[in-house]
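Written below as structure tokens is the structure these notes are about.
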Amino acid sequence: MFSVAPTGFDARVRPVTSRQNALVKDLRGAFARCALTPGGCLAIESPRMIEEAIRSGIKIEAVFFAESAAATSTRLLPQFSKQSQLLMLPDDVFAGAVNTETPQGVAALVRLPSTSMEDMFSAELPLILVAAGIQDPGNLGTLLRSAEAFGAHGVIVGDASVSHFNPKVVRAAAGSLFRLPIVRISLANAVAALRGRGLRLLATSSHSGEPLPRADLKQGVAVLIGNEGAGLSREIMSSMDGTFVIPHSVRVESLNAGMAASIVLYEAARQRQSFLSASLPAPVVPSKELGGIKT
């Protein structure tokens, strides 16, 4: 045990030895429940994730250092504002609070920006991805990361999908969770809301529909990515405006949900870039004078 922070730590770092400390309990509970704390904070872990949070400009409520991580964590200290609480924990207390089997010695509670479906509809031609029953955290995290990378305006996580606060989802999303509008509502309510906004509803299918390159993804559209095994229910499929398939080798039975979402988003970005380029007026090329002759 210790009563003062080890040499090299900022004077603001407060030693905490009790597992019953309120912030330690919040950290442990958020990781265990795959949910926000009662105060609305997300638990994250590792220097990389915390640096992503800092770069994203989100509020860092509390930072937790393992005692053995003094050397590797010192570089992070100057990046925290005076409003962030900084705590140092014994290694066993830290390990009991975080999610990974081999902790990297630093974790934090951060406050995500408040988002709603209205944020997704602010674009002129919204591109929205709907996770409809995705169970694998890695797939959902990949979907979120690709959604940001290829310009989606938001992601709706259906009620049957894994929580986007799951630590494995947070890690796989690699920071996109901090910047992308994400809401979790029932799939039925999502379909109704999207339909009410006039968006076309399209769904991926493993066996029927038009090839992806022929699908029109240039206008306001919501794309539903179904469960890894069962896909979308018949009821939801019957409410779609269309389905499409991703062409691939017949020797491969299907693509996982994260990979399928990435390919669809890339195609949407490609179509939209071509559409916008064609819609813009031709650039005016300044005339040049060569030897007194205007060209």
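Identifiers in the structure tokens: chain A, B, ... in order shown; residue index from 1 per chain; ligand index from 1 in order shown.
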Run DSSP on the backbone of this structure and report the residues of segment 19-204 of chain A it assigns to strand (DSSP E), as a PDB file with all heavy atoms, in the first residue's frame.
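This is the output file part_11.pdb:
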```pdb
ATOM      1  N   LEU A  42     -18.638   6.849 -19.818  1.00  0.00           N
ATOM      2  CA  LEU A  42     -18.183   5.608 -20.443  1.00  0.00           C
ATOM      3  C   LEU A  42     -16.827   5.236 -19.883  1.00  0.00           C
ATOM      4  O   LEU A  42     -15.950   6.087 -19.712  1.00  0.00           O
ATOM      5  CB  LEU A  42     -18.080   5.803 -21.963  1.00  0.00           C
ATOM      6  CG  LEU A  42     -17.488   4.638 -22.770  1.00  0.00           C
ATOM      7  CD1 LEU A  42     -18.477   3.475 -22.829  1.00  0.00           C
ATOM      8  CD2 LEU A  42     -17.115   5.103 -24.183  1.00  0.00           C
ATOM      9  N   ALA A  43     -16.625   3.952 -19.599  1.00  0.00           N
ATOM     10  CA  ALA A  43     -15.327   3.463 -19.132  1.00  0.00           C
ATOM     11  C   ALA A  43     -14.480   3.042 -20.329  1.00  0.00           C
ATOM     12  O   ALA A  43     -14.946   2.310 -21.207  1.00  0.00           O
ATOM     13  CB  ALA A  43     -15.518   2.276 -18.182  1.00  0.00           C
ATOM     14  N   ILE A  44     -13.252   3.531 -20.375  1.00  0.00           N
ATOM     15  CA  ILE A  44     -12.318   3.152 -21.440  1.00  0.00           C
ATOM     16  C   ILE A  44     -10.987   2.769 -20.807  1.00  0.00           C
ATOM     17  O   ILE A  44     -10.700   3.130 -19.670  1.00  0.00           O
ATOM     18  CB  ILE A  44     -12.116   4.276 -22.475  1.00  0.00           C
ATOM     19  CG1 ILE A  44     -11.502   5.526 -21.811  1.00  0.00           C
ATOM     20  CG2 ILE A  44     -13.427   4.617 -23.162  1.00  0.00           C
ATOM     21  CD1 ILE A  44     -11.144   6.624 -22.800  1.00  0.00           C
ATOM     22  N   GLU A  45     -10.174   2.046 -21.565  1.00  0.00           N
ATOM     23  CA  GLU A  45      -8.899   1.578 -21.035  1.00  0.00           C
ATOM     24  C   GLU A  45      -7.836   1.619 -22.101  1.00  0.00           C
ATOM     25  O   GLU A  45      -8.135   1.466 -23.294  1.00  0.00           O
ATOM     26  CB  GLU A  45      -9.046   0.142 -20.507  1.00  0.00           C
ATOM     27  CG  GLU A  45      -7.801  -0.393 -19.841  1.00  0.00           C
ATOM     28  CD  GLU A  45      -7.895  -1.874 -19.501  1.00  0.00           C
ATOM     29  OE1 GLU A  45      -8.975  -2.463 -19.704  1.00  0.00           O
ATOM     30  OE2 GLU A  45      -6.878  -2.440 -19.056  1.00  0.00           O
ATOM     31  N   LYS A  59     -14.924  15.225 -22.734  1.00  0.00           N
ATOM     32  CA  LYS A  59     -14.558  15.528 -21.355  1.00  0.00           C
ATOM     33  C   LYS A  59     -14.055  14.278 -20.638  1.00  0.00           C
ATOM     34  O   LYS A  59     -14.711  13.235 -20.649  1.00  0.00           O
ATOM     35  CB  LYS A  59     -15.761  16.102 -20.605  1.00  0.00           C
ATOM     36  CG  LYS A  59     -15.423  16.569 -19.196  1.00  0.00           C
ATOM     37  CD  LYS A  59     -16.618  17.223 -18.529  1.00  0.00           C
ATOM     38  CE  LYS A  59     -16.262  17.719 -17.133  1.00  0.00           C
ATOM     39  NZ  LYS A  59     -17.437  18.342 -16.449  1.00  0.00           N
ATOM     40  N   ILE A  60     -12.894  14.390 -20.016  1.00  0.00           N
ATOM     41  CA  ILE A  60     -12.312  13.308 -19.229  1.00  0.00           C
ATOM     42  C   ILE A  60     -12.673  13.563 -17.769  1.00  0.00           C
ATOM     43  O   ILE A  60     -12.146  14.480 -17.134  1.00  0.00           O
ATOM     44  CB  ILE A  60     -10.779  13.248 -19.379  1.00  0.00           C
ATOM     45  CG1 ILE A  60     -10.358  13.345 -20.844  1.00  0.00           C
ATOM     46  CG2 ILE A  60     -10.240  12.000 -18.711  1.00  0.00           C
ATOM     47  CD1 ILE A  60     -10.727  12.180 -21.694  1.00  0.00           C
ATOM     48  N   GLU A  61     -13.571  12.767 -17.236  1.00  0.00           N
ATOM     49  CA  GLU A  61     -14.017  12.993 -15.859  1.00  0.00           C
ATOM     50  C   GLU A  61     -12.999  12.501 -14.838  1.00  0.00           C
ATOM     51  O   GLU A  61     -12.721  13.164 -13.839  1.00  0.00           O
ATOM     52  CB  GLU A  61     -15.360  12.292 -15.623  1.00  0.00           C
ATOM     53  CG  GLU A  61     -16.510  12.852 -16.443  1.00  0.00           C
ATOM     54  CD  GLU A  61     -17.043  14.153 -15.881  1.00  0.00           C
ATOM     55  OE1 GLU A  61     -16.568  14.593 -14.816  1.00  0.00           O
ATOM     56  OE2 GLU A  61     -17.953  14.732 -16.498  1.00  0.00           O
ATOM     57  N   ALA A  62     -12.469  11.309 -15.050  1.00  0.00           N
ATOM     58  CA  ALA A  62     -11.525  10.729 -14.088  1.00  0.00           C
ATOM     59  C   ALA A  62     -10.566   9.801 -14.817  1.00  0.00           C
ATOM     60  O   ALA A  62     -10.953   9.127 -15.784  1.00  0.00           O
ATOM     61  CB  ALA A  62     -12.266   9.967 -12.992  1.00  0.00           C
ATOM     62  N   VAL A  63      -9.332   9.789 -14.341  1.00  0.00           N
ATOM     63  CA  VAL A  63      -8.299   8.921 -14.909  1.00  0.00           C
ATOM     64  C   VAL A  63      -7.726   8.072 -13.785  1.00  0.00           C
ATOM     65  O   VAL A  63      -7.457   8.565 -12.685  1.00  0.00           O
ATOM     66  CB  VAL A  63      -7.176   9.731 -15.580  1.00  0.00           C
ATOM     67  CG1 VAL A  63      -6.188   8.796 -16.274  1.00  0.00           C
ATOM     68  CG2 VAL A  63      -7.749  10.739 -16.568  1.00  0.00           C
ATOM     69  N   PHE A  64      -7.523   6.784 -14.074  1.00  0.00           N
ATOM     70  CA  PHE A  64      -7.043   5.831 -13.074  1.00  0.00           C
ATOM     71  C   PHE A  64      -5.714   5.246 -13.545  1.00  0.00           C
ATOM     72  O   PHE A  64      -5.636   4.708 -14.661  1.00  0.00           O
ATOM     73  CB  PHE A  64      -8.054   4.697 -12.883  1.00  0.00           C
ATOM     74  CG  PHE A  64      -9.445   5.161 -12.553  1.00  0.00           C
ATOM     75  CD1 PHE A  64     -10.290   5.610 -13.558  1.00  0.00           C
ATOM     76  CD2 PHE A  64      -9.909   5.149 -11.236  1.00  0.00           C
ATOM     77  CE1 PHE A  64     -11.588   6.041 -13.266  1.00  0.00           C
ATOM     78  CE2 PHE A  64     -11.193   5.571 -10.939  1.00  0.00           C
ATOM     79  CZ  PHE A  64     -12.038   6.027 -11.951  1.00  0.00           C
ATOM     80  N   PHE A  65      -4.689   5.345 -12.712  1.00  0.00           N
ATOM     81  CA  PHE A  65      -3.388   4.782 -13.026  1.00  0.00           C
ATOM     82  C   PHE A  65      -3.102   3.612 -12.097  1.00  0.00           C
ATOM     83  O   PHE A  65      -3.379   3.681 -10.895  1.00  0.00           O
ATOM     84  CB  PHE A  65      -2.276   5.821 -12.841  1.00  0.00           C
ATOM     85  CG  PHE A  65      -2.384   7.010 -13.749  1.00  0.00           C
ATOM     86  CD1 PHE A  65      -2.779   8.237 -13.243  1.00  0.00           C
ATOM     87  CD2 PHE A  65      -2.086   6.902 -15.093  1.00  0.00           C
ATOM     88  CE1 PHE A  65      -2.876   9.340 -14.067  1.00  0.00           C
ATOM     89  CE2 PHE A  65      -2.178   8.000 -15.929  1.00  0.00           C
ATOM     90  CZ  PHE A  65      -2.572   9.224 -15.414  1.00  0.00           C
ATOM     91  N   ALA A  66      -2.540   2.544 -12.638  1.00  0.00           N
ATOM     92  CA  ALA A  66      -2.016   1.470 -11.796  1.00  0.00           C
ATOM     93  C   ALA A  66      -0.667   1.922 -11.261  1.00  0.00           C
ATOM     94  O   ALA A  66       0.098   2.605 -11.948  1.00  0.00           O
ATOM     95  CB  ALA A  66      -1.869   0.189 -12.599  1.00  0.00           C
ATOM     96  N   GLN A  85     -10.259  14.360 -12.572  1.00  0.00           N
ATOM     97  CA  GLN A  85      -9.746  13.764 -11.341  1.00  0.00           C
ATOM     98  C   GLN A  85      -8.733  12.683 -11.708  1.00  0.00           C
ATOM     99  O   GLN A  85      -8.988  11.854 -12.584  1.00  0.00           O
ATOM    100  CB  GLN A  85     -10.887  13.158 -10.531  1.00  0.00           C
ATOM    101  CG  GLN A  85     -11.922  14.164 -10.071  1.00  0.00           C
ATOM    102  CD  GLN A  85     -12.860  13.549  -9.056  1.00  0.00           C
ATOM    103  OE1 GLN A  85     -12.456  13.124  -7.973  1.00  0.00           O
ATOM    104  NE2 GLN A  85     -14.143  13.484  -9.402  1.00  0.00           N
ATOM    105  N   LEU A  86      -7.585  12.696 -11.034  1.00  0.00           N
ATOM    106  CA  LEU A  86      -6.515  11.747 -11.323  1.00  0.00           C
ATOM    107  C   LEU A  86      -6.284  10.875 -10.098  1.00  0.00           C
ATOM    108  O   LEU A  86      -5.992  11.381  -9.009  1.00  0.00           O
ATOM    109  CB  LEU A  86      -5.232  12.495 -11.690  1.00  0.00           C
ATOM    110  CG  LEU A  86      -5.357  13.548 -12.810  1.00  0.00           C
ATOM    111  CD1 LEU A  86      -4.028  14.249 -13.026  1.00  0.00           C
ATOM    112  CD2 LEU A  86      -5.842  12.906 -14.097  1.00  0.00           C
ATOM    113  N   LEU A  87      -6.421   9.557 -10.280  1.00  0.00           N
ATOM    114  CA  LEU A  87      -6.302   8.623  -9.161  1.00  0.00           C
ATOM    115  C   LEU A  87      -5.240   7.577  -9.451  1.00  0.00           C
ATOM    116  O   LEU A  87      -5.105   7.123 -10.603  1.00  0.00           O
ATOM    117  CB  LEU A  87      -7.632   7.909  -8.904  1.00  0.00           C
ATOM    118  CG  LEU A  87      -8.801   8.699  -8.326  1.00  0.00           C
ATOM    119  CD1 LEU A  87      -9.434   9.587  -9.395  1.00  0.00           C
ATOM    120  CD2 LEU A  87      -9.859   7.748  -7.789  1.00  0.00           C
ATOM    121  N   MET A  88      -4.509   7.192  -8.434  1.00  0.00           N
ATOM    122  CA  MET A  88      -3.552   6.098  -8.560  1.00  0.00           C
ATOM    123  C   MET A  88      -4.003   4.943  -7.665  1.00  0.00           C
ATOM    124  O   MET A  88      -4.322   5.141  -6.486  1.00  0.00           O
ATOM    125  CB  MET A  88      -2.154   6.530  -8.150  1.00  0.00           C
ATOM    126  CG  MET A  88      -1.101   5.452  -8.368  1.00  0.00           C
ATOM    127  SD  MET A  88       0.548   6.024  -7.882  1.00  0.00           S
ATOM    128  CE  MET A  88       0.255   6.393  -6.165  1.00  0.00           C
ATOM    129  N   LEU A  89      -4.024   3.738  -8.246  1.00  0.00           N
ATOM    130  CA  LEU A  89      -4.528   2.566  -7.534  1.00  0.00           C
ATOM    131  C   LEU A  89      -3.435   1.510  -7.401  1.00  0.00           C
ATOM    132  O   LEU A  89      -2.581   1.366  -8.286  1.00  0.00           O
ATOM    133  CB  LEU A  89      -5.705   1.947  -8.303  1.00  0.00           C
ATOM    134  CG  LEU A  89      -6.816   2.874  -8.792  1.00  0.00           C
ATOM    135  CD1 LEU A  89      -7.859   2.061  -9.543  1.00  0.00           C
ATOM    136  CD2 LEU A  89      -7.438   3.626  -7.632  1.00  0.00           C
ATOM    137  N   VAL A 106      -3.707   2.086 -17.328  1.00  0.00           N
ATOM    138  CA  VAL A 106      -4.414   3.370 -17.300  1.00  0.00           C
ATOM    139  C   VAL A 106      -5.823   3.172 -17.853  1.00  0.00           C
ATOM    140  O   VAL A 106      -6.031   2.465 -18.845  1.00  0.00           O
ATOM    141  CB  VAL A 106      -3.655   4.462 -18.093  1.00  0.00           C
ATOM    142  CG1 VAL A 106      -3.460   4.079 -19.555  1.00  0.00           C
ATOM    143  CG2 VAL A 106      -4.364   5.802 -17.980  1.00  0.00           C
ATOM    144  N   ALA A 107      -6.798   3.770 -17.192  1.00  0.00           N
ATOM    145  CA  ALA A 107      -8.197   3.700 -17.609  1.00  0.00           C
ATOM    146  C   ALA A 107      -8.825   5.048 -17.296  1.00  0.00           C
ATOM    147  O   ALA A 107      -8.230   5.894 -16.621  1.00  0.00           O
ATOM    148  CB  ALA A 107      -8.933   2.573 -16.878  1.00  0.00           C
ATOM    149  N   ALA A 108     -10.033   5.269 -17.799  1.00  0.00           N
ATOM    150  CA  ALA A 108     -10.668   6.569 -17.581  1.00  0.00           C
ATOM    151  C   ALA A 108     -12.177   6.457 -17.681  1.00  0.00           C
ATOM    152  O   ALA A 108     -12.723   5.514 -18.279  1.00  0.00           O
ATOM    153  CB  ALA A 108     -10.157   7.593 -18.599  1.00  0.00           C
ATOM    154  N   LEU A 109     -12.848   7.425 -17.092  1.00  0.00           N
ATOM    155  CA  LEU A 109     -14.277   7.640 -17.277  1.00  0.00           C
ATOM    156  C   LEU A 109     -14.431   8.910 -18.092  1.00  0.00           C
ATOM    157  O   LEU A 109     -13.922   9.971 -17.708  1.00  0.00           O
ATOM    158  CB  LEU A 109     -14.987   7.785 -15.924  1.00  0.00           C
ATOM    159  CG  LEU A 109     -15.026   6.540 -15.042  1.00  0.00           C
ATOM    160  CD1 LEU A 109     -15.628   6.866 -13.680  1.00  0.00           C
ATOM    161  CD2 LEU A 109     -15.831   5.420 -15.718  1.00  0.00           C
ATOM    162  N   VAL A 110     -15.092   8.796 -19.248  1.00  0.00           N
ATOM    163  CA  VAL A 110     -15.234   9.944 -20.146  1.00  0.00           C
ATOM    164  C   VAL A 110     -16.709  10.186 -20.426  1.00  0.00           C
ATOM    165  O   VAL A 110     -17.539   9.271 -20.359  1.00  0.00           O
ATOM    166  CB  VAL A 110     -14.471   9.711 -21.469  1.00  0.00           C
ATOM    167  CG1 VAL A 110     -12.991   9.452 -21.190  1.00  0.00           C
ATOM    168  CG2 VAL A 110     -15.053   8.538 -22.256  1.00  0.00           C
ATOM    169  N   ARG A 111     -17.012  11.426 -20.766  1.00  0.00           N
ATOM    170  CA  ARG A 111     -18.397  11.803 -21.038  1.00  0.00           C
ATOM    171  C   ARG A 111     -18.585  11.969 -22.547  1.00  0.00           C
ATOM    172  O   ARG A 111     -18.004  12.879 -23.157  1.00  0.00           O
ATOM    173  CB  ARG A 111     -18.760  13.085 -20.301  1.00  0.00           C
ATOM    174  CG  ARG A 111     -20.257  13.386 -20.297  1.00  0.00           C
ATOM    175  CD  ARG A 111     -20.584  14.516 -19.343  1.00  0.00           C
ATOM    176  NE  ARG A 111     -20.257  14.174 -17.966  1.00  0.00           N
ATOM    177  CZ  ARG A 111     -21.057  13.450 -17.174  1.00  0.00           C
ATOM    178  NH1 ARG A 111     -22.206  12.980 -17.635  1.00  0.00           N
ATOM    179  NH2 ARG A 111     -20.690  13.183 -15.936  1.00  0.00           N
ATOM    180  N   LEU A 127     -26.778   9.487 -44.932  1.00  0.00           N
ATOM    181  CA  LEU A 127     -26.384   8.090 -45.086  1.00  0.00           C
ATOM    182  C   LEU A 127     -26.300   7.524 -43.676  1.00  0.00           C
ATOM    183  O   LEU A 127     -25.436   7.915 -42.891  1.00  0.00           O
ATOM    184  CB  LEU A 127     -25.029   7.972 -45.797  1.00  0.00           C
ATOM    185  CG  LEU A 127     -24.383   6.582 -45.808  1.00  0.00           C
ATOM    186  CD1 LEU A 127     -25.253   5.580 -46.551  1.00  0.00           C
ATOM    187  CD2 LEU A 127     -22.977   6.644 -46.418  1.00  0.00           C
ATOM    188  N   ILE A 128     -27.218   6.626 -43.341  1.00  0.00           N
ATOM    189  CA  ILE A 128     -27.321   6.104 -41.979  1.00  0.00           C
ATOM    190  C   ILE A 128     -27.199   4.591 -42.015  1.00  0.00           C
ATOM    191  O   ILE A 128     -27.812   3.924 -42.868  1.00  0.00           O
ATOM    192  CB  ILE A 128     -28.650   6.527 -41.328  1.00  0.00           C
ATOM    193  CG1 ILE A 128     -28.711   8.061 -41.223  1.00  0.00           C
ATOM    194  CG2 ILE A 128     -28.819   5.890 -39.950  1.00  0.00           C
ATOM    195  CD1 ILE A 128     -30.036   8.588 -40.724  1.00  0.00           C
ATOM    196  N   LEU A 129     -26.424   4.063 -41.116  1.00  0.00           N
ATOM    197  CA  LEU A 129     -26.251   2.617 -41.005  1.00  0.00           C
ATOM    198  C   LEU A 129     -27.038   2.122 -39.801  1.00  0.00           C
ATOM    199  O   LEU A 129     -27.045   2.766 -38.746  1.00  0.00           O
ATOM    200  CB  LEU A 129     -24.767   2.292 -40.835  1.00  0.00           C
ATOM    201  CG  LEU A 129     -24.294   0.922 -41.315  1.00  0.00           C
ATOM    202  CD1 LEU A 129     -24.548   0.767 -42.804  1.00  0.00           C
ATOM    203  CD2 LEU A 129     -22.802   0.769 -41.030  1.00  0.00           C
ATOM    204  N   VAL A 130     -27.712   0.992 -39.977  1.00  0.00           N
ATOM    205  CA  VAL A 130     -28.519   0.421 -38.899  1.00  0.00           C
ATOM    206  C   VAL A 130     -27.975  -0.970 -38.571  1.00  0.00           C
ATOM    207  O   VAL A 130     -27.974  -1.861 -39.423  1.00  0.00           O
ATOM    208  CB  VAL A 130     -30.006   0.326 -39.286  1.00  0.00           C
ATOM    209  CG1 VAL A 130     -30.815  -0.236 -38.113  1.00  0.00           C
ATOM    210  CG2 VAL A 130     -30.547   1.693 -39.704  1.00  0.00           C
ATOM    211  N   ALA A 131     -27.493  -1.131 -37.343  1.00  0.00           N
ATOM    212  CA  ALA A 131     -27.029  -2.442 -36.870  1.00  0.00           C
ATOM    213  C   ALA A 131     -28.236  -3.199 -36.344  1.00  0.00           C
ATOM    214  O   ALA A 131     -28.739  -2.914 -35.264  1.00  0.00           O
ATOM    215  CB  ALA A 131     -25.974  -2.275 -35.784  1.00  0.00           C
ATOM    216  N   GLY A 154     -24.402   8.766 -39.261  1.00  0.00           N
ATOM    217  CA  GLY A 154     -24.749   8.234 -37.958  1.00  0.00           C
ATOM    218  C   GLY A 154     -25.032   6.750 -38.036  1.00  0.00           C
ATOM    219  O   GLY A 154     -25.175   6.176 -39.131  1.00  0.00           O
ATOM    220  N   VAL A 155     -25.090   6.128 -36.869  1.00  0.00           N
ATOM    221  CA  VAL A 155     -25.382   4.692 -36.766  1.00  0.00           C
ATOM    222  C   VAL A 155     -26.485   4.493 -35.734  1.00  0.00           C
ATOM    223  O   VAL A 155     -26.438   5.064 -34.635  1.00  0.00           O
ATOM    224  CB  VAL A 155     -24.134   3.889 -36.347  1.00  0.00           C
ATOM    225  CG1 VAL A 155     -24.490   2.421 -36.111  1.00  0.00           C
ATOM    226  CG2 VAL A 155     -23.037   4.002 -37.403  1.00  0.00           C
ATOM    227  N   ILE A 156     -27.477   3.690 -36.112  1.00  0.00           N
ATOM    228  CA  ILE A 156     -28.527   3.282 -35.186  1.00  0.00           C
ATOM    229  C   ILE A 156     -28.224   1.854 -34.758  1.00  0.00           C
ATOM    230  O   ILE A 156     -28.053   0.971 -35.607  1.00  0.00           O
ATOM    231  CB  ILE A 156     -29.913   3.362 -35.843  1.00  0.00           C
ATOM    232  CG1 ILE A 156     -30.253   4.819 -36.191  1.00  0.00           C
ATOM    233  CG2 ILE A 156     -30.985   2.777 -34.927  1.00  0.00           C
ATOM    234  CD1 ILE A 156     -31.522   4.970 -37.012  1.00  0.00           C
ATOM    235  N   VAL A 157     -28.137   1.643 -33.461  1.00  0.00           N
ATOM    236  CA  VAL A 157     -27.887   0.306 -32.925  1.00  0.00           C
ATOM    237  C   VAL A 157     -29.222  -0.248 -32.443  1.00  0.00           C
ATOM    238  O   VAL A 157     -29.810   0.261 -31.486  1.00  0.00           O
ATOM    239  CB  VAL A 157     -26.866   0.346 -31.768  1.00  0.00           C
ATOM    240  CG1 VAL A 157     -26.621  -1.055 -31.224  1.00  0.00           C
ATOM    241  CG2 VAL A 157     -25.560   0.983 -32.244  1.00  0.00           C
ATOM    242  N   GLY A 158     -29.728  -1.257 -33.139  1.00  0.00           N
ATOM    243  CA  GLY A 158     -31.000  -1.859 -32.778  1.00  0.00           C
ATOM    244  C   GLY A 158     -30.954  -2.527 -31.422  1.00  0.00           C
ATOM    245  O   GLY A 158     -29.885  -2.921 -30.933  1.00  0.00           O
ATOM    246  N   ILE A 182     -24.461   8.198 -32.548  1.00  0.00           N
ATOM    247  CA  ILE A 182     -24.917   6.824 -32.367  1.00  0.00           C
ATOM    248  C   ILE A 182     -26.091   6.839 -31.409  1.00  0.00           C
ATOM    249  O   ILE A 182     -26.020   7.467 -30.348  1.00  0.00           O
ATOM    250  CB  ILE A 182     -23.806   5.923 -31.783  1.00  0.00           C
ATOM    251  CG1 ILE A 182     -22.542   5.983 -32.644  1.00  0.00           C
ATOM    252  CG2 ILE A 182     -24.286   4.482 -31.652  1.00  0.00           C
ATOM    253  CD1 ILE A 182     -21.325   5.350 -31.982  1.00  0.00           C
ATOM    254  N   VAL A 183     -27.176   6.175 -31.781  1.00  0.00           N
ATOM    255  CA  VAL A 183     -28.316   6.045 -30.869  1.00  0.00           C
ATOM    256  C   VAL A 183     -28.730   4.583 -30.828  1.00  0.00           C
ATOM    257  O   VAL A 183     -28.545   3.841 -31.797  1.00  0.00           O
ATOM    258  CB  VAL A 183     -29.516   6.923 -31.301  1.00  0.00           C
ATOM    259  CG1 VAL A 183     -29.157   8.389 -31.258  1.00  0.00           C
ATOM    260  CG2 VAL A 183     -30.009   6.532 -32.687  1.00  0.00           C
ATOM    261  N   ARG A 184     -29.294   4.178 -29.713  1.00  0.00           N
ATOM    262  CA  ARG A 184     -29.798   2.812 -29.553  1.00  0.00           C
ATOM    263  C   ARG A 184     -31.291   2.870 -29.313  1.00  0.00           C
ATOM    264  O   ARG A 184     -31.744   3.451 -28.317  1.00  0.00           O
ATOM    265  CB  ARG A 184     -29.114   2.116 -28.377  1.00  0.00           C
ATOM    266  CG  ARG A 184     -29.525   0.643 -28.235  1.00  0.00           C
ATOM    267  CD  ARG A 184     -28.800  -0.018 -27.069  1.00  0.00           C
ATOM    268  NE  ARG A 184     -29.164  -1.417 -26.938  1.00  0.00           N
ATOM    269  CZ  ARG A 184     -28.522  -2.427 -27.536  1.00  0.00           C
ATOM    270  NH1 ARG A 184     -27.469  -2.176 -28.290  1.00  0.00           N
ATOM    271  NH2 ARG A 184     -28.910  -3.676 -27.371  1.00  0.00           N
ATOM    272  N   ILE A 185     -32.067   2.337 -30.249  1.00  0.00           N
ATOM    273  CA  ILE A 185     -33.520   2.274 -30.115  1.00  0.00           C
ATOM    274  C   ILE A 185     -33.988   0.952 -30.710  1.00  0.00           C
ATOM    275  O   ILE A 185     -33.222   0.234 -31.354  1.00  0.00           O
ATOM    276  CB  ILE A 185     -34.237   3.453 -30.823  1.00  0.00           C
ATOM    277  CG1 ILE A 185     -33.937   3.435 -32.326  1.00  0.00           C
ATOM    278  CG2 ILE A 185     -33.834   4.783 -30.215  1.00  0.00           C
ATOM    279  CD1 ILE A 185     -34.727   4.495 -33.099  1.00  0.00           C
ATOM    280  N   ARG A 200     -34.860   6.141 -48.052  1.00  0.00           N
ATOM    281  CA  ARG A 200     -35.036   4.808 -48.613  1.00  0.00           C
ATOM    282  C   ARG A 200     -34.397   3.808 -47.659  1.00  0.00           C
ATOM    283  O   ARG A 200     -33.339   4.050 -47.089  1.00  0.00           O
ATOM    284  CB  ARG A 200     -34.385   4.681 -49.990  1.00  0.00           C
ATOM    285  CG  ARG A 200     -35.032   5.541 -51.046  1.00  0.00           C
ATOM    286  CD  ARG A 200     -34.351   5.341 -52.401  1.00  0.00           C
ATOM    287  NE  ARG A 200     -34.538   3.991 -52.899  1.00  0.00           N
ATOM    288  CZ  ARG A 200     -33.546   3.186 -53.272  1.00  0.00           C
ATOM    289  NH1 ARG A 200     -32.292   3.575 -53.191  1.00  0.00           N
ATOM    290  NH2 ARG A 200     -33.800   1.970 -53.730  1.00  0.00           N
ATOM    291  N   LEU A 201     -35.045   2.670 -47.497  1.00  0.00           N
ATOM    292  CA  LEU A 201     -34.548   1.633 -46.596  1.00  0.00           C
ATOM    293  C   LEU A 201     -34.059   0.452 -47.417  1.00  0.00           C
ATOM    294  O   LEU A 201     -34.842  -0.188 -48.133  1.00  0.00           O
ATOM    295  CB  LEU A 201     -35.650   1.189 -45.633  1.00  0.00           C
ATOM    296  CG  LEU A 201     -36.270   2.288 -44.759  1.00  0.00           C
ATOM    297  CD1 LEU A 201     -37.332   1.700 -43.840  1.00  0.00           C
ATOM    298  CD2 LEU A 201     -35.215   3.011 -43.952  1.00  0.00           C
ATOM    299  N   LEU A 202     -32.778   0.170 -47.316  1.00  0.00           N
ATOM    300  CA  LEU A 202     -32.173  -0.928 -48.053  1.00  0.00           C
ATOM    301  C   LEU A 202     -31.538  -1.897 -47.068  1.00  0.00           C
ATOM    302  O   LEU A 202     -31.090  -1.501 -45.990  1.00  0.00           O
ATOM    303  CB  LEU A 202     -31.100  -0.410 -49.018  1.00  0.00           C
ATOM    304  CG  LEU A 202     -31.555   0.597 -50.073  1.00  0.00           C
ATOM    305  CD1 LEU A 202     -30.361   1.051 -50.918  1.00  0.00           C
ATOM    306  CD2 LEU A 202     -32.641   0.001 -50.974  1.00  0.00           C
ATOM    307  N   ALA A 203     -31.493  -3.158 -47.441  1.00  0.00           N
ATOM    308  CA  ALA A 203     -30.927  -4.184 -46.566  1.00  0.00           C
ATOM    309  C   ALA A 203     -29.957  -5.054 -47.338  1.00  0.00           C
ATOM    310  O   ALA A 203     -30.156  -5.324 -48.531  1.00  0.00           O
ATOM    311  CB  ALA A 203     -32.039  -5.042 -45.958  1.00  0.00           C
ATOM    312  N   THR A 204     -28.913  -5.485 -46.652  1.00  0.00           N
ATOM    313  CA  THR A 204     -28.008  -6.457 -47.253  1.00  0.00           C
ATOM    314  C   THR A 204     -28.656  -7.840 -47.188  1.00  0.00           C
ATOM    315  O   THR A 204     -29.436  -8.137 -46.296  1.00  0.00           O
ATOM    316  CB  THR A 204     -26.673  -6.500 -46.500  1.00  0.00           C
ATOM    317  OG1 THR A 204     -26.923  -6.801 -45.118  1.00  0.00           O
ATOM    318  CG2 THR A 204     -25.945  -5.172 -46.600  1.00  0.00           C
TER     319      THR A 204
END
```
| request: List the neighbours of segment 10-17 of chain A out to 12 Å using only C-alpha atoms; skip same-chain residues closer than 6 positions along the sequence, and give me the result as a count of residues only. | output: 37
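The two atoms in question, atom CA of Gly196 of chain A and atom CA of Phe121 of chain A, are spaced 11.3 Å apart.
Each of A:Tyr266, A:Phe150, A:Phe244, A:Phe165 was checked against Cys41 of chain A using only C-alpha atoms; the smallest atom-to-atom distance is that of A:Phe165.
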| For Leu140 of chain A: contacts at 9 Å, only C-alpha atoms, fewer than 3 positions along chain excluded, given as an NGL selection string | :A and (131 or 134-137 or 143-145 or 157 or 161-164 or 169 or 172-173 or 257-258)
